[in-house]
Amino acid sequence: IQKLGASDDHREQIQRYIENKNYTALQAILAGYRPSREAELLEVLPRLFGGGEIFDQVNQLFLEYDQNLLEMVRNLEMIYHQLVKMGLAQQIIVDFGLVNQADYYSGLIFRGYIRGAGIPVLSGGRYDGLISEFGRDLPAIGFGLHMDLIARSLIKAVENKVNVLVYCSPDYLAQSMVYFNELAAQGISCEYSLADSLVEAMDYARDRSIPWVHVVSDTISKREVKK
């Protein structure tokens, strides 16, 4: 955006459109800055999100554009692979369209989500130049937590704790729905499994701390989910 030479108003709009992944509005405002490589790159940024595969595409985009930006991308890729080694691959999404309006951030920014909340409950990043304004020149990274939202989500999770996961093969869909409704009528908190196999259903129940999986076939088999 700095190289684009955008006004302060346009800068804020571009950042907001990238953050909201508003492709149409972003394309419209960048049309006034074409032809330029900066406009082309900014237009594609909101679409660059996913897992580790996204780095190949991003590295190619910046390969012949700006070595400083390329170095930032490679630093982020290194951090991502460290997280993967920690077993967190399924919990991480890399998003090159993530924007934080606070100007003091100097590098990586991140957000955290939990089940049942549609907005971030954690937000933070790297701000190496901020501490110097308070008397010491130190690198720093930090985050804030949305405690009210976390508390509400935890209360909701306790209130809506699922006790039974109902699973069946495709041949028993009708019977399983009848059985599911019978459990619900008895006041039993249950969830219908969309897993492709019993192994996946058991793993899902274990991840969600659901204590029982009921398998519907010609008979009903009840399987306890062990940690």
# chains A, B, ... in the order shown; residues from 1 in each chain; ligands from 1

call {"tool": "residues_around", "arguments": {"residues": "segment 166-175 of chain A", "least_positions_apart": "6", "cutoff": "8 Å", "atoms": "only C-alpha atoms", "output": "number ranges by chain"}}
result
A: 190-198, 201, 213-217

call {"tool": "atom_distance", "arguments": {"atom1": "atom CA of Tyr204 of chain A", "atom2": "atom CA of Gly51 of chain A"}}
result
21.3 Å

call {"tool": "residues_around", "arguments": {"residues": "segment 82-93 of chain A", "least_positions_apart": "3", "cutoff": "9 Å", "atoms": "only C-alpha atoms", "output": "number ranges by chain"}}
result
A: 49-52, 77-79

call {"tool": "residues_around", "arguments": {"residues": "Val121 of chain A", "least_positions_apart": "2", "cutoff": "6 Å", "atoms": "only C-alpha atoms", "output": "JSON list (two decimals) with N, CA, C and O atoms, in the first residue's frame"}}
result
[["chain", "number", "residue", "atom", "x", "y", "z"],
["A", 112, "GLY", "N", -7.39, -16.03, 17.25],
["A", 112, "GLY", "CA", -7.78, -17.35, 17.73],
["A", 112, "GLY", "C", -9.29, -17.47, 17.82],
["A", 112, "GLY", "O", -9.98, -16.50, 18.18],
["A", 113, "TYR", "N", -9.78, -18.64, 17.49],
["A", 113, "TYR", "CA", -11.23, -18.90, 17.49],
["A", 113, "TYR", "C", -11.52, -20.14, 18.34],
["A", 113, "TYR", "O", -10.68, -21.01, 18.50],
["A", 145, "LEU", "N", -7.41, -11.24, 25.13],
["A", 145, "LEU", "CA", -8.48, -12.25, 25.13],
["A", 145, "LEU", "C", -9.84, -11.57, 25.34],
["A", 145, "LEU", "O", -9.96, -10.64, 26.14],
["A", 146, "HIS", "N", -10.83, -12.04, 24.64],
["A", 146, "HIS", "CA", -12.21, -11.57, 24.79],
["A", 146, "HIS", "C", -12.86, -12.45, 25.86],
["A", 146, "HIS", "O", -13.52, -13.45, 25.56]]

call {"tool": "select_by_dssp", "arguments": {"residues": "segment 63-165 of chain A", "states": "strand (DSSP E)", "output": "list in words"}}
result
Val94, Asp95, Ile109, Phe110, Arg111, Gly112, Leu122, Ser123, Gly124, Gly125, Arg126, Ile141, Gly142, Phe143, Gly144, Leu145, Val164 and Leu165 of chain A

call {"tool": "write_last_selection", "arguments": {"atoms": "C-alpha atoms", "output": "PDB file, in the first residue's frame"}}
result
ATOM      1  CA  VAL A  94      -2.582 -19.035   7.015  1.00  0.00           C
ATOM      2  CA  ASP A  95      -4.333 -15.904   5.722  1.00  0.00           C
ATOM      3  CA  ILE A 109      -0.372 -11.065  13.512  1.00  0.00           C
ATOM      4  CA  PHE A 110      -2.759 -13.791  14.602  1.00  0.00           C
ATOM      5  CA  ARG A 111      -6.276 -14.472  15.790  1.00  0.00           C
ATOM      6  CA  GLY A 112      -7.778 -17.349  17.729  1.00  0.00           C
ATOM      7  CA  LEU A 122      -7.955 -13.876  20.823  1.00  0.00           C
ATOM      8  CA  SER A 123      -6.059 -11.272  18.834  1.00  0.00           C
ATOM      9  CA  GLY A 124      -2.426 -10.246  18.852  1.00  0.00           C
ATOM     10  CA  GLY A 125       0.890 -10.127  17.094  1.00  0.00           C
ATOM     11  CA  ARG A 126       4.443  -8.855  17.002  1.00  0.00           C
ATOM     12  CA  ILE A 141       4.763 -10.119  21.076  1.00  0.00           C
ATOM     13  CA  GLY A 142       1.440 -10.268  22.851  1.00  0.00           C
ATOM     14  CA  PHE A 143      -2.286 -10.816  22.611  1.00  0.00           C
ATOM     15  CA  GLY A 144      -5.595  -9.942  24.198  1.00  0.00           C
ATOM     16  CA  LEU A 145      -8.482 -12.246  25.135  1.00  0.00           C
ATOM     17  CA  VAL A 164     -24.643 -39.575  22.580  1.00  0.00           C
ATOM     18  CA  LEU A 165     -23.380 -39.530  18.994  1.00  0.00           C
TER      19      LEU A 165
END

call {"tool": "atom_distance", "arguments": {"atom1": "atom CA of Val58 of chain A", "atom2": "atom CA of Phe96 of chain A"}}
result
8.8 Å

call {"tool": "closest_residue", "arguments": {"among": "A:Leu138, A:Met147, A:Leu76, A:Arg37", "to": "Glu64 of chain A", "atoms": "only C-alpha atoms"}}
result
A:Arg37

call {"tool": "select_by_dssp", "arguments": {"residues": "segment 92-162 of chain A", "states": "alpha helix (DSSP H)", "output": "list in words"}}
result
Met147, Asp148, Leu149, Ile150, Ala151, Arg152, Ser153, Leu154, Ile155, Lys156, Ala157, Val158 and Glu159 of chain A

call {"tool": "residues_around", "arguments": {"residues": "Ile188 of chain A", "least_positions_apart": "5", "cutoff": "12 Å", "atoms": "only C-alpha atoms", "output": "PyMOL selection string"}}
result
chain A and resi 160-166+179-183+212

call {"tool": "write_last_selection", "arguments": {"atoms": "all heavy atoms", "output": "JSON list (two decimals), in the first residue's frame"}}
result
[["chain", "number", "residue", "atom", "x", "y", "z"],
["A", 160, "ASN", "N", -24.99, -27.40, 26.78],
["A", 160, "ASN", "CA", -25.37, -28.19, 25.60],
["A", 160, "ASN", "C", -24.48, -29.41, 25.41],
["A", 160, "ASN", "O", -24.27, -29.87, 24.30],
["A", 160, "ASN", "CB", -25.31, -27.32, 24.35],
["A", 160, "ASN", "CG", -26.28, -26.16, 24.41],
["A", 160, "ASN", "OD1", -27.35, -26.29, 24.97],
["A", 160, "ASN", "ND2", -25.91, -25.03, 23.83],
["A", 161, "LYS", "N", -23.95, -29.94, 26.49],
["A", 161, "LYS", "CA", -23.05, -31.09, 26.38],
["A", 161, "LYS", "C", -23.77, -32.27, 25.74],
["A", 161, "LYS", "O", -24.85, -32.68, 26.18],
["A", 161, "LYS", "CB", -22.51, -31.48, 27.75],
["A", 161, "LYS", "CG", -21.57, -32.68, 27.70],
["A", 161, "LYS", "CD", -20.94, -32.94, 29.04],
["A", 161, "LYS", "CE", -20.10, -34.21, 29.02],
["A", 161, "LYS", "NZ", -19.07, -34.17, 27.96],
["A", 162, "VAL", "N", -23.15, -32.81, 24.70],
["A", 162, "VAL", "CA", -23.72, -33.94, 23.97],
["A", 162, "VAL", "C", -23.30, -35.23, 24.67],
["A", 162, "VAL", "O", -22.12, -35.43, 24.97],
["A", 162, "VAL", "CB", -23.24, -33.94, 22.51],
["A", 162, "VAL", "CG1", -23.74, -35.17, 21.77],
["A", 162, "VAL", "CG2", -23.68, -32.66, 21.81],
["A", 163, "ASN", "N", -24.27, -36.10, 24.93],
["A", 163, "ASN", "CA", -24.00, -37.36, 25.61],
["A", 163, "ASN", "C", -23.93, -38.55, 24.66],
["A", 163, "ASN", "O", -23.29, -39.55, 24.98],
["A", 163, "ASN", "CB", -25.07, -37.63, 26.68],
["A", 163, "ASN", "CG", -24.97, -36.65, 27.83],
["A", 163, "ASN", "OD1", -23.89, -36.39, 28.34],
["A", 163, "ASN", "ND2", -26.10, -36.07, 28.22],
["A", 164, "VAL", "N", -24.59, -38.44, 23.51],
["A", 164, "VAL", "CA", -24.64, -39.58, 22.58],
["A", 164, "VAL", "C", -24.44, -39.08, 21.15],
["A", 164, "VAL", "O", -25.06, -38.10, 20.73],
["A", 164, "VAL", "CB", -25.99, -40.32, 22.66],
["A", 164, "VAL", "CG1", -26.07, -41.42, 21.59],
["A", 164, "VAL", "CG2", -26.20, -40.91, 24.04],
["A", 165, "LEU", "N", -23.54, -39.76, 20.43],
["A", 165, "LEU", "CA", -23.38, -39.53, 18.99],
["A", 165, "LEU", "C", -24.01, -40.71, 18.27],
["A", 165, "LEU", "O", -23.65, -41.86, 18.51],
["A", 165, "LEU", "CB", -21.90, -39.42, 18.63],
["A", 165, "LEU", "CG", -21.58, -39.14, 17.16],
["A", 165, "LEU", "CD1", -22.01, -37.74, 16.77],
["A", 165, "LEU", "CD2", -20.08, -39.32, 16.89],
["A", 166, "VAL", "N", -24.98, -40.44, 17.40],
["A", 166, "VAL", "CA", -25.69, -41.50, 16.68],
["A", 166, "VAL", "C", -25.03, -41.67, 15.31],
["A", 166, "VAL", "O", -24.94, -40.73, 14.52],
["A", 166, "VAL", "CB", -27.18, -41.15, 16.51],
["A", 166, "VAL", "CG1", -27.88, -42.23, 15.69],
["A", 166, "VAL", "CG2", -27.84, -40.99, 17.88],
["A", 179, "TYR", "N", -34.40, -43.42, 15.54],
["A", 179, "TYR", "CA", -33.75, -43.65, 16.83],
["A", 179, "TYR", "C", -33.27, -42.33, 17.45],
["A", 179, "TYR", "O", -33.42, -42.10, 18.65],
["A", 179, "TYR", "CB", -32.57, -44.60, 16.65],
["A", 179, "TYR", "CG", -31.85, -44.93, 17.94],
["A", 179, "TYR", "CD1", -32.46, -45.71, 18.91],
["A", 179, "TYR", "CD2", -30.57, -44.45, 18.18],
["A", 179, "TYR", "CE1", -31.80, -46.01, 20.09],
["A", 179, "TYR", "CE2", -29.91, -44.75, 19.35],
["A", 179, "TYR", "CZ", -30.54, -45.53, 20.31],
["A", 179, "TYR", "OH", -29.89, -45.81, 21.48],
["A", 180, "PHE", "N", -32.72, -41.45, 16.62],
["A", 180, "PHE", "CA", -32.26, -40.14, 17.09],
["A", 180, "PHE", "C", -33.43, -39.38, 17.72],
["A", 180, "PHE", "O", -33.31, -38.79, 18.81],
["A", 180, "PHE", "CB", -31.68, -39.35, 15.91],
["A", 180, "PHE", "CG", -31.15, -37.99, 16.28],
["A", 180, "PHE", "CD1", -29.82, -37.82, 16.60],
["A", 180, "PHE", "CD2", -31.98, -36.88, 16.30],
["A", 180, "PHE", "CE1", -29.32, -36.57, 16.94],
["A", 180, "PHE", "CE2", -31.50, -35.63, 16.63],
["A", 180, "PHE", "CZ", -30.17, -35.47, 16.95],
["A", 181, "ASN", "N", -34.58, -39.38, 17.05],
["A", 181, "ASN", "CA", -35.75, -38.66, 17.57],
["A", 181, "ASN", "C", -36.25, -39.29, 18.87],
["A", 181, "ASN", "O", -36.74, -38.58, 19.76],
["A", 181, "ASN", "CB", -36.86, -38.64, 16.52],
["A", 181, "ASN", "CG", -36.51, -37.76, 15.33],
["A", 181, "ASN", "OD1", -35.76, -36.79, 15.47],
["A", 181, "ASN", "ND2", -37.05, -38.10, 14.17],
["A", 182, "GLU", "N", -36.13, -40.60, 18.99],
["A", 182, "GLU", "CA", -36.53, -41.27, 20.23],
["A", 182, "GLU", "C", -35.65, -40.82, 21.39],
["A", 182, "GLU", "O", -36.16, -40.55, 22.49],
["A", 182, "GLU", "CB", -36.44, -42.79, 20.06],
["A", 182, "GLU", "CG", -37.50, -43.37, 19.13],
["A", 182, "GLU", "CD", -37.30, -44.85, 18.88],
["A", 182, "GLU", "OE1", -36.27, -45.40, 19.34],
["A", 182, "GLU", "OE2", -38.16, -45.45, 18.21],
["A", 183, "LEU", "N", -34.34, -40.73, 21.16],
["A", 183, "LEU", "CA", -33.43, -40.26, 22.20],
["A", 183, "LEU", "C", -33.74, -38.83, 22.60],
["A", 183, "LEU", "O", -33.78, -38.48, 23.78],
["A", 183, "LEU", "CB", -31.98, -40.36, 21.72],
["A", 183, "LEU", "CG", -31.39, -41.75, 21.51],
["A", 183, "LEU", "CD1", -29.96, -41.64, 20.99],
["A", 183, "LEU", "CD2", -31.42, -42.57, 22.80],
["A", 212, "TRP", "N", -20.57, -41.52, 24.53],
["A", 212, "TRP", "CA", -21.14, -42.71, 23.92],
["A", 212, "TRP", "C", -21.38, -42.51, 22.42],
["A", 212, "TRP", "O", -21.80, -41.43, 22.00],
["A", 212, "TRP", "CB", -22.46, -43.10, 24.58],
["A", 212, "TRP", "CG", -22.31, -43.59, 25.98],
["A", 212, "TRP", "CD1", -22.39, -42.85, 27.13],
["A", 212, "TRP", "CD2", -22.02, -44.93, 26.40],
["A", 212, "TRP", "NE1", -22.17, -43.63, 28.22],
["A", 212, "TRP", "CE2", -21.95, -44.92, 27.81],
["A", 212, "TRP", "CE3", -21.83, -46.14, 25.72],
["A", 212, "TRP", "CZ2", -21.69, -46.07, 28.55],
["A", 212, "TRP", "CZ3", -21.57, -47.28, 26.45],
["A", 212, "TRP", "CH2", -21.51, -47.25, 27.84]]

call {"tool": "decode", "arguments": {"residues": "segment 43-144 of chain A", "atoms": "C-alpha atoms", "output": "CSV table (one decimal), in the first residue's frame"}}
result
chain,number,residue,atom,x,y,z
A,43,GLU,CA,-6.2,-7.5,-5.4
A,44,VAL,CA,-5.1,-11.1,-5.0
A,45,LEU,CA,-4.2,-10.9,-1.3
A,46,PRO,CA,-7.7,-11.7,0.1
A,47,ARG,CA,-7.7,-15.0,-1.9
A,48,LEU,CA,-4.4,-16.2,-0.4
A,49,PHE,CA,-5.5,-18.3,2.5
A,50,GLY,CA,-5.3,-22.0,3.4
A,51,GLY,CA,-2.7,-24.5,4.7
A,52,GLY,CA,1.0,-24.9,3.9
A,53,GLU,CA,0.3,-25.2,0.1
A,54,ILE,CA,-0.4,-21.5,0.0
A,55,PHE,CA,3.2,-20.6,0.4
A,56,ASP,CA,4.2,-21.9,-3.0
A,57,GLN,CA,1.8,-19.5,-4.6
A,58,VAL,CA,2.8,-16.5,-2.5
A,59,ASN,CA,6.6,-17.1,-3.0
A,60,GLN,CA,6.0,-17.0,-6.7
A,61,LEU,CA,4.1,-13.8,-6.5
A,62,PHE,CA,6.8,-12.0,-4.6
A,63,LEU,CA,9.8,-13.7,-6.2
A,64,GLU,CA,10.7,-10.9,-8.6
A,65,TYR,CA,8.9,-8.1,-6.8
A,66,ASP,CA,10.4,-7.3,-3.4
A,67,GLN,CA,13.1,-9.3,-1.6
A,68,ASN,CA,12.1,-7.8,1.8
A,69,LEU,CA,8.5,-9.0,1.4
A,70,LEU,CA,9.8,-12.4,0.2
A,71,GLU,CA,11.9,-12.7,3.4
A,72,MET,CA,8.8,-11.9,5.5
A,73,VAL,CA,6.9,-14.7,3.7
A,74,ARG,CA,9.7,-17.2,4.3
A,75,ASN,CA,9.8,-16.2,8.0
A,76,LEU,CA,6.1,-16.9,8.2
A,77,GLU,CA,6.5,-20.2,6.4
A,78,MET,CA,9.2,-21.2,8.9
A,79,ILE,CA,6.8,-20.4,11.8
A,80,TYR,CA,4.0,-22.4,10.2
A,81,HIS,CA,6.2,-25.5,9.8
A,82,GLN,CA,7.3,-25.2,13.4
A,83,LEU,CA,3.6,-25.2,14.4
A,84,VAL,CA,3.0,-28.3,12.1
A,85,LYS,CA,5.8,-30.1,14.0
A,86,MET,CA,4.0,-29.4,17.2
A,87,GLY,CA,0.9,-31.3,15.8
A,88,LEU,CA,-1.2,-28.1,15.1
A,89,ALA,CA,-1.6,-28.4,11.4
A,90,GLN,CA,-5.4,-28.9,11.6
A,91,GLN,CA,-5.8,-25.9,13.9
A,92,ILE,CA,-3.9,-23.4,11.7
A,93,ILE,CA,-5.1,-21.3,8.7
A,94,VAL,CA,-2.6,-19.0,7.0
A,95,ASP,CA,-4.3,-15.9,5.7
A,96,PHE,CA,-2.4,-13.3,3.8
A,97,GLY,CA,-5.5,-11.1,3.8
A,98,LEU,CA,-5.5,-10.8,7.6
A,99,VAL,CA,-5.3,-7.1,8.5
A,100,ASN,CA,-4.9,-5.3,11.8
A,101,GLN,CA,-5.7,-1.6,11.8
A,102,ALA,CA,-3.3,-0.9,14.6
A,103,ASP,CA,-0.2,0.6,13.0
A,104,TYR,CA,2.2,-0.5,15.8
A,105,TYR,CA,2.3,-4.2,14.7
A,106,SER,CA,5.6,-4.9,13.0
A,107,GLY,CA,5.3,-8.5,11.8
A,108,LEU,CA,3.2,-11.6,12.4
A,109,ILE,CA,-0.4,-11.1,13.5
A,110,PHE,CA,-2.8,-13.8,14.6
A,111,ARG,CA,-6.3,-14.5,15.8
A,112,GLY,CA,-7.8,-17.3,17.7
A,113,TYR,CA,-11.2,-18.9,17.5
A,114,ILE,CA,-13.2,-21.4,19.6
A,115,ARG,CA,-16.2,-23.5,18.7
A,116,GLY,CA,-19.5,-21.7,19.2
A,117,ALA,CA,-18.1,-18.2,18.7
A,118,GLY,CA,-18.3,-16.5,15.3
A,119,ILE,CA,-15.7,-13.8,16.0
A,120,PRO,CA,-12.1,-14.0,17.3
A,121,VAL,CA,-11.7,-14.5,21.0
A,122,LEU,CA,-8.0,-13.9,20.8
A,123,SER,CA,-6.1,-11.3,18.8
A,124,GLY,CA,-2.4,-10.2,18.9
A,125,GLY,CA,0.9,-10.1,17.1
A,126,ARG,CA,4.4,-8.9,17.0
A,127,TYR,CA,5.2,-5.2,17.9
A,128,ASP,CA,9.0,-4.8,18.1
A,129,GLY,CA,8.9,-1.0,18.1
A,130,LEU,CA,6.2,-0.3,20.7
A,131,ILE,CA,8.1,-0.9,23.9
A,132,SER,CA,10.7,1.7,23.0
A,133,GLU,CA,8.1,4.3,23.3
A,134,PHE,CA,8.0,3.4,27.0
A,135,GLY,CA,11.7,3.7,27.6
A,136,ARG,CA,13.2,0.3,26.6
A,137,ASP,CA,14.0,-0.9,23.1
A,138,LEU,CA,12.8,-4.5,23.3
A,139,PRO,CA,11.2,-6.9,20.8
A,140,ALA,CA,7.8,-8.0,21.9
A,141,ILE,CA,4.8,-10.1,21.1
A,142,GLY,CA,1.4,-10.3,22.9
A,143,PHE,CA,-2.3,-10.8,22.6
A,144,GLY,CA,-5.6,-9.9,24.2
